[in-house]
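Take a look at the structure below.
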Amino acid sequence: MNNIKVKGARVHNLKNISVEIPKGKITVITGLSGSGKSTLAMDTIYAEGQRRYLESLSTYARQFLGELKKPDVDSIEGLSPAIAIDQRSVSHNPRSTVGTTTEVYDYLRVLFAKIGQPHCPSCGRPVEKKSVDQIVNDLFSKFQKGVRIYILSPIAIDKKGSFKKEFSALVAKGFVRAEVDGEIIRLEEIDELDKNKRHTIKLLIDRLILNSEEKYRIADDIEIAFRESNGFVEVKNIDSNETLTFSEHMMCPVCNIGLPEINPKLFSFNNPYGACPHCHGLGYNLQVDPQLVLNTNVSIDEGAIVPYSNDGYYLSLIKQTVRLLGGSTNIAFSQLPHHIQEAVLYGYGQFEGVINNLERRYRETESEDVKEWIERKFIVQRTCPVCGGKKLKPEALSVTINGLNIIDVTELTIEKAYDFILKLQESFEEREQKIAGELTEEIRRRLQFMIDVGLGYLTLSRTVNTLSGGEAQRIRLATQIGSGLTGVTYVLDEPTIGLHQRDNMKLINTLKKLRDLDNTVIVVEHDEEVIRSADYIVDLGPLGGENGGRVVYSGPVSKLIQSPGESITGQYLSGTKKIDFPKSRRRGNGKTLTLIGACHNNLKNLTVSIPLSTFVCVTGVSGSGKSSLILDTLYPALMNEIYKTRLPTGKYDRIEGLENVDKVIAIDQSPIGRTPRSNPATYTKVFDSIRELFAMTPEAKAKGYSKSRFSFNLKGGRCEACQGHGLVKIEMLFLADVYVECEVCKGKRYNEETLQVRYKGKNIHDVLEMSVDEALEFFKNVPVIFRTLKLLSEVGLGYIKLGQPATTLSGGESQRVKLASELRKLPTGKTVYILDEPTVGLHFEDIRRLINVLHRLVDRGNTVIVIEHNLDVIKNADYIIDLGPEGGEQGGYVVATGTPEEIAKVESSYTGQFLKKLLR
């Protein structure tokens, strides 16, 4: 069968659709937000492929995996094994890195175990374990035949002592001479050495001329040397004064430090054999920071001890300790004597101290809430002082290849690591080629795949939980290409997220490689270049939510462009619809916010001025330093200055123009909540107004129900079986927790009495099940509710349900919920809004609406700073700050600043090159 045939799909908002997707081709599924793209690709095609695979396993294996629900679809024919590469399956384990995820690190561990050169962790001398035969062969390969050699056994290296007893014992064994402090002396002539001085003593085993007839004699001499010096021998060329040191153990002849067996385990920071014992292989330690615990400007009575300012019992212990030491609790903490401050923090007598108390509670508590509170408020990560953040034991770090240890290699960018491996392969001799040829070729291939998907600027040591959704997805994509599977259906969810236009072609070529391996590639995508490069397109819509879920078009892309019909995607591709340039560029209010001397991560001591009351875009290729500049430096710096917070911030010198800003708001893509309790209605506070409305109904008043009765977070109105979740969490031990519908309330969250109360025929559960657009019509006569719902609709979220659990929202959807929530608040005109790629998950039409919302914010006098790759957003900016020119070490410079028209004239700007095409 040449097609995947989906018949009668009704999952979520899909309207009983049937569609055919050609196998062995790249198919793009597109449409407006909420049109059903991910539902068709992920929740229908991939879910059914996964379910069928699990059904093929044995009954024994299936009992551990649970039963996967069959998607609501009549039939899917022609389905091959499916692999989903989405944005959510990112490991949150701090030990998981780019290197471990792609398995490059596993290959590097084997490589270093096989051909790494061990060194002494203390003095840095090369250390090697050799047999007698190997040493004899080395001597004949490194020294010319006919040279005079001494065979020496090192007895003492740089040690104090008279060594009288040792010399007597050696004479008794029949030895005649020794090299003492560089001079050959007869043992019987030595009385005793100066015991207060350090001496180096090497027993002279033999003197001979190197030739093949003496091989067996040399071998015997080496064995004697090993026996006398506990495994060491030195061979000195008298003619050239060159000395070679050998050991039968992995041990330093000078420091007498032994190395463990060199195997792949030694290089694993997840194994106690190789991990730094101080930080257990994390590279950092979590410590309570005294600066976060104290407010030194006020007294203890006024709340100087932040975590215990309201804890009567523990606060009384602190006060007793201070008074016992002669201090006062009503003067500023900073004015207390140093020894009293130390006692409060680290303990005195029976009092354990605030720092010790918090650290103990963090270790011992079984409450996740307490643990999270301490971690979020008072704990910071500090680089491990023992390994310096390198994660491994000194013995592992002392093994090098071409002067670099394994962590040094992982700290190179992927592009530089690729060059390192390439040069290593070129330097191999025949023996090394046999040992490590295949290993290095596998590493090179995997690094090449990552470069091909536009990730060459990342380092192998980068932790996976710091990657964007798009980066994590492209890493998994590179891994899949490396696996070389054929006949598989790959389902990808917006792989272009976080990718600059320059690198799009790299990604498209990677998708074509997957296709050319005879795989089927299904991509949920909005990027115009990816859509135009596809073999086939399925356009869903025509709108989102209830007005979506239908197949508007399916077929070749070229035919859609020729006759788009009602397809909004087709209208944008054909040019019938487009996002226009603004009629004019704002010049701002004449004031600026200037960040001086930013040098976080790869930033090169930047000074950047942001014109206020303008729409500012920060652009540049992936890894050029956009997030380092705005999210890691500017945002926390403004928060610390304006709100007196203590957020960790990237290094910078100073900020000028702070008097022109009174508020800063970052609207990122982090979830609006971590449990199914949180939803768009609760986050935007519109649910408070809805609950008040229900409490005002005649039925509620008759029963005496207040606003709290309609909260699913409080006892009274909620279903107690699921405590208002609507779902019951089942802990699966070694698998992820599973949520199943509550059997009592059937997912409605409330008890029967509460559900009897109705407003315009709908109960509180019915309202939570409404989409934003449905609720907009339902509450059109209630201004306080209507206004918030209209904002949600204007940012392109008209299709989401008011009660949709936060855990099911994408990063882009969460960001737009936050944006709508901020738009509710009255503007001051001096607010700085910071957004990180707000176009994630947005169709052309949704982007047009988003741009209008951002323009509205600026029109009120505010400043909007957007990190963005989307050209439609960039061309609408008043001012652009373009970073680069490349990613990683070659980035971190300001390439150009100015209006889009000015950026387009800068030849060295990749963003400018694409803007130039648009402006034509």
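Letters for chains follow the order of the structure tokens (A, B, ...), residue numbers begin at 1 for each chain, and ligand numbers begin at 1 in the order shown.
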
Quiz item: Skipping near chain neighbours, those fewer than 6 positions away, what residues fall within 8 Å of Tyr105 of chain A using only C-alpha atoms, listed as a ChimeraX atom specification?
Solution: /A:99,410,460

Export of prior selection with N, CA and C atoms as a short mmCIF file (atom, residue, chain, number, x, y, z; two decimals), in the first residue's frame:
```
data_model
loop_
_atom_site.label_atom_id
_atom_site.label_comp_id
_atom_site.auth_asym_id
_atom_site.auth_seq_id
_atom_site.Cartn_x
_atom_site.Cartn_y
_atom_site.Cartn_z
N GLY A 99 25.63 15.50 24.56
CA GLY A 99 26.51 14.37 24.28
C GLY A 99 25.91 13.03 24.66
N THR A 410 34.10 17.85 25.15
CA THR A 410 32.64 18.11 25.19
C THR A 410 32.34 19.60 25.34
N LEU A 460 28.69 19.78 23.38
CA LEU A 460 28.23 18.45 23.80
C LEU A 460 27.95 18.41 25.30
#
```

Quiz item: Which neighbours of Ser624 of chain A fall inside 6 Å, counting only C-alpha atoms, when residues of the same chain fewer than 4 positions from it are skipped, and could you give them as a ChimeraX atom specification?
Solution: /A:620,883-884,886-887,891-892

Quiz item: Within 10 Å of Leu809 of chain A, counting only C-alpha atoms, which residues qualify if same-chain residues fewer than 6 places away don't, as a list in words?
Solution: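 Close residues of Leu809 of chain A: Pro671, Ile672, Gly673, Asn679, Pro680, Ile800, Gln815 and Val817 of chain A.
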
Quiz prompt | Nearby residues (only C-alpha atoms) at most 12 Å from Val530 of chain A, same-chain spacing under 5 positions excluded, as a ChimeraX atom specification | solution = /A:26-30,494-497,499,501,503-512,522-525,535-537,557,573

Preceding selection exported with C-alpha atoms as a CSV table (one decimal), in the first residue's frame:
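Saved result, out-v1.csv, follows:
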```
chain,number,residue,atom,x,y,z
A,26,ILE,CA,7.5,14.6,3.1
A,27,THR,CA,3.9,15.6,4.1
A,28,VAL,CA,3.3,18.9,5.8
A,29,ILE,CA,0.1,19.3,7.9
A,30,THR,CA,-0.7,22.9,8.4
A,494,GLU,CA,7.4,22.3,14.3
A,495,PRO,CA,11.1,21.4,14.0
A,496,THR,CA,11.9,25.0,12.8
A,497,ILE,CA,11.3,26.5,16.2
A,499,LEU,CA,15.9,28.3,13.7
A,501,GLN,CA,16.0,31.5,8.1
A,503,ASP,CA,19.6,27.4,8.6
A,504,ASN,CA,16.2,26.3,7.3
A,505,MET,CA,17.7,24.7,4.2
A,506,LYS,CA,19.9,22.5,6.4
A,507,LEU,CA,16.8,21.2,8.2
A,508,ILE,CA,14.9,20.7,5.0
A,509,ASN,CA,17.8,18.7,3.5
A,510,THR,CA,17.9,16.6,6.7
A,511,LEU,CA,14.2,15.8,6.3
A,512,LYS,CA,14.9,14.8,2.7
A,522,ILE,CA,4.9,13.9,8.5
A,523,VAL,CA,5.7,17.4,9.7
A,524,VAL,CA,3.3,19.8,11.6
A,525,GLU,CA,4.7,23.1,10.4
A,535,ASP,CA,6.0,16.8,-1.5
A,536,TYR,CA,2.4,16.9,-0.2
A,537,ILE,CA,0.3,19.2,2.0
A,557,VAL,CA,1.8,22.2,-2.8
A,573,LEU,CA,1.4,31.1,-0.2
```

Practice problem: Could you check which of A:Leu152, A:Ile764, A:Leu14, A:Met639 is closest to Leu693 of chain A, using only C-alpha atoms? | Solution: A:Ile764

Exercise. List the neighbours of segment 426-437 of chain A out to 9 Å using only C-alpha atoms; skip same-chain residues closer than 6 positions along the sequence, and give me the result as a list in words.
Key: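 These residues fall inside the cut-off: Val110, Leu111, Lys114 and Ile115 of chain A.
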
Exercise. Would you please give, as a ChimeraX atom specification, all residues of segment 100-202 of chain A that DSSP assigns to alpha helix (DSSP H) based on the backbone?
Key: /A:100-101,104-115,132-142,164-172

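Computed from the coordinates, the atom CA of Ala700 of chain A to atom CA of Val757 of chain A distance equals 6.3 Å.
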
Quiz item: Mind pulling up the distance from atom CA of Arg474 of chain A to atom CA of Gly912 of chain A?
Solution: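 Between these atoms lies a distance of 25.2 Å.
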